[in-house]
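Have a look at the structure below before the remarks.
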Amino acid sequence: MKATAVAPSNIAFIKYWGKKDKNLRLPANTSISMNLSNAFTTTTVEFSADNKKDEIYFGEKRMDRKSSIRVISHLDRIRRIAKKNLFAKVVTQNSFPQSTGIASSASGFAALTLAAVGAMDLKCSEKDLSILARLGSGSACRSIPCGFVEWKVSKTSENSYSFSLYDEKHWDLKDIIAVVSTEEKKTSSTLGHENAKSSPLFSKRLEHLPARIVKLKEALKEKNIKKLGELIEKEAIELHMIMMTQDPPLFYWDGSTMEIVKLVRLWRNDGLLVYFTLDAGPNVHLICESKEENKVLEKLKKLSYIKNVIINSPSSGARLIDKHLF
Ligand code: DP6
């Protein structure tokens with residue numbers, strides 16, 4: 001009873017920040033994202049009567065009880081559905097550094113969900129998988145379907161799932177991640193979500209978001225980079241304004257984040273159509289069409305504080321593969 005899944009991370013164009021229900025991970029608003037081809041997690045799960053307890057490995061390293069709790073609770077959900085009380089061995093590896101604002105919980109829980117469901121031989125639709133992944137980590141539900149994905153806000157668990165708006169071939173966009181820090185973030189997004197409502201800007205955001213979502217969907221449909229870019233920058237700034245004004249405040253930016261944000265705006269004045277977005281971390285996601293990729297990379301090469309660059313195209317969603325990690 002073994003299966004291996006690969007799942008992409010995703011970058012949100014419309015952000016998920018704040019929850020209606022913490023335990024069910026029901027979001028306060030609809031979000032929209034793009035799956036990333038070069039930021040992914042691979043996970044193998046094996047359930048067996050020979051296992052005396054759950055063992056979770058991150059690469060070669062066995063995770064201690066505390067850091068495996070969230071994974072084990074997720075395995076419990078799948079054991080309950082399968083009605084099988086078998087312990088699991090789980091080995092997982094990322095193609096990118098963990099906890100740096102490159103959403104490792106998104107790809108991680110999407111891969112874990114699909115691998116565990118596959119290992120239990122459960123028949124699940126894409127919608128079922130997305131709902132299950134959401135219970136592990138909200139943004140993980142957007143890593144199940146392919147390409148450009150919408151996650152609907154809803155009052156009920158069975159109606160809050162993700163679906164593909166367009167597959168990965170729809171638009172040759174690039175997300176060039178400028179990695180400025182590989183340090184673990186001090187406050188997890190899960191904790192951050194809990195205090196989102198304490199920001200005076202939060203309720204205002206919920207009021208104007210539906211109109212922004214309509215415009216963003218138009219930009220995706222029209223493949224209009226200027227329209228998309230302006231909207232995603234507004235979103236990223238707003239997300240971080242809320243983070244910085246919630247109680248206690250959260251500062252995920254650092255000096256180099258601000259430096260790149262300012263440079264992107266200057267590059268655009270010179271005609272280079274590249275836009276930024278940010279998640280819960282200091283690394284900057286540079287969004288452009290593929291024809292601008294080399295020009296953006298040339299610019300980034302000159303910035304000594306950039307540690308690494310990850311170039312992503314839109315990607316398919318979570319999938320099973322034959323090559324197991326053990
Ligand atoms: C800023 O999905 O990590 O990246 O549901 O608590 O696991 P949990 O939160 P998580 O939150 C992601 C927040 C974000 C924005 C986004 O990806 O939409």
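The way I read the labels, and the way they are meant: chains A, B, ... in the order of the structure tokens, residue 1 as the first residue of every chain, and ligand 1 as the first ligand shown, with later ones counted on from there.
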
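Considering only C-alpha atoms and all ligand atoms, every residue of the polymer chains approaching ligand 1 to 7 Å or closer is listed here: Ile11, Ala12, Ile14, Lys15, Tyr16, Trp17, Arg25, Ser31, Gly101, Ala103, Ser105, Ala106, Arg134, Gly136, Ser137, Gly138, Ser139, Ala140, Ser189, Thr190, Leu191, His193, Asp279 and Ala280 of chain A.
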
For the structure I just gave you, how does DSSP split stretch 4-107 of chain A - specifically, which residues are helix (DSSP H, G or I)? Reply as an NGL selection string. :A and (65-82 or 104-107)

Tell me which of A:Phe13, A:Val71, A:Met1, A:Phe163 sits closest to A:Ile237, counting only C-alpha atoms.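 Nearest candidate to A:Ile237 out of A:Phe13, A:Val71, A:Met1, A:Phe163: A:Phe13.
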
Between A:Asn283, A:Leu272, A:Arg70, A:Met241, which has the minimum distance to A:Pro200 (counting only C-alpha atoms)? A:Met241

Can you pull out the residues contacting stretch 219-232 of chain A? Cut-off 6 Å, using only C-alpha atoms, and skip same-chain residues under 3 positions away; I want them as an NGL selection string. :A and (13 or 216 or 235 or 275)

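Picture a line from atom CA of A:Leu239 to atom CA of A:Pro314; it runs 22.6 Å.
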
Which polymer residues have any atom within 8 Å of an atom of A:Tyr161, counting only C-alpha atoms, with same-chain residues fewer than 6 positions away left out, as a PyMOL selection string? chain A and resi 127+130-131+134+141-142+151-152

Selection above as a file: N, CA, C and O atoms, as a PDB file, in the first residue's frame:
```pdb
ATOM      1  N   LYS A 127     -12.374  17.202  -6.763  1.00  0.00           N
ATOM      2  CA  LYS A 127     -13.016  18.045  -5.733  1.00  0.00           C
ATOM      3  C   LYS A 127     -12.759  17.463  -4.339  1.00  0.00           C
ATOM      4  O   LYS A 127     -12.381  18.183  -3.414  1.00  0.00           O
ATOM      5  N   SER A 130      -9.254  18.089  -3.299  1.00  0.00           N
ATOM      6  CA  SER A 130      -9.022  19.490  -2.993  1.00  0.00           C
ATOM      7  C   SER A 130      -9.547  19.821  -1.588  1.00  0.00           C
ATOM      8  O   SER A 130      -8.884  20.514  -0.811  1.00  0.00           O
ATOM      9  N   ILE A 131     -10.726  19.289  -1.252  1.00  0.00           N
ATOM     10  CA  ILE A 131     -11.297  19.537   0.082  1.00  0.00           C
ATOM     11  C   ILE A 131     -10.392  18.928   1.160  1.00  0.00           C
ATOM     12  O   ILE A 131     -10.069  19.565   2.165  1.00  0.00           O
ATOM     13  N   ARG A 134      -7.262  20.906   1.574  1.00  0.00           N
ATOM     14  CA  ARG A 134      -7.566  22.177   2.272  1.00  0.00           C
ATOM     15  C   ARG A 134      -7.547  22.004   3.788  1.00  0.00           C
ATOM     16  O   ARG A 134      -7.103  22.883   4.525  1.00  0.00           O
ATOM     17  N   CYS A 141      -5.165  23.297  -1.275  1.00  0.00           N
ATOM     18  CA  CYS A 141      -6.289  22.872  -2.126  1.00  0.00           C
ATOM     19  C   CYS A 141      -6.142  23.445  -3.529  1.00  0.00           C
ATOM     20  O   CYS A 141      -6.681  22.907  -4.482  1.00  0.00           O
ATOM     21  N   ARG A 142      -5.367  24.548  -3.658  1.00  0.00           N
ATOM     22  CA  ARG A 142      -5.162  25.144  -4.990  1.00  0.00           C
ATOM     23  C   ARG A 142      -4.073  24.427  -5.775  1.00  0.00           C
ATOM     24  O   ARG A 142      -3.871  24.707  -6.957  1.00  0.00           O
ATOM     25  N   TRP A 151     -10.122  29.126  -5.841  1.00  0.00           N
ATOM     26  CA  TRP A 151     -10.627  28.471  -4.611  1.00  0.00           C
ATOM     27  C   TRP A 151     -11.767  29.324  -4.100  1.00  0.00           C
ATOM     28  O   TRP A 151     -11.572  30.462  -3.677  1.00  0.00           O
ATOM     29  N   LYS A 152     -12.968  28.753  -4.145  1.00  0.00           N
ATOM     30  CA  LYS A 152     -14.189  29.495  -3.810  1.00  0.00           C
ATOM     31  C   LYS A 152     -14.376  29.614  -2.304  1.00  0.00           C
ATOM     32  O   LYS A 152     -14.207  28.641  -1.578  1.00  0.00           O
TER      33      LYS A 152
END
```

In stretch 80-317 of chain A, DSSP strand (DSSP E or B) residues written as a ChimeraX atom specification: /A:87-94,148-151,162-166,173-179,274-278,284-289,308-312,314

Hey, which of A:Asp270, A:Glu289, A:Glu183, A:Glu259 ends up closest to A:Leu303? Count only C-alpha atoms.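 Nearest candidate to A:Leu303 out of A:Asp270, A:Glu289, A:Glu183, A:Glu259: A:Glu259.
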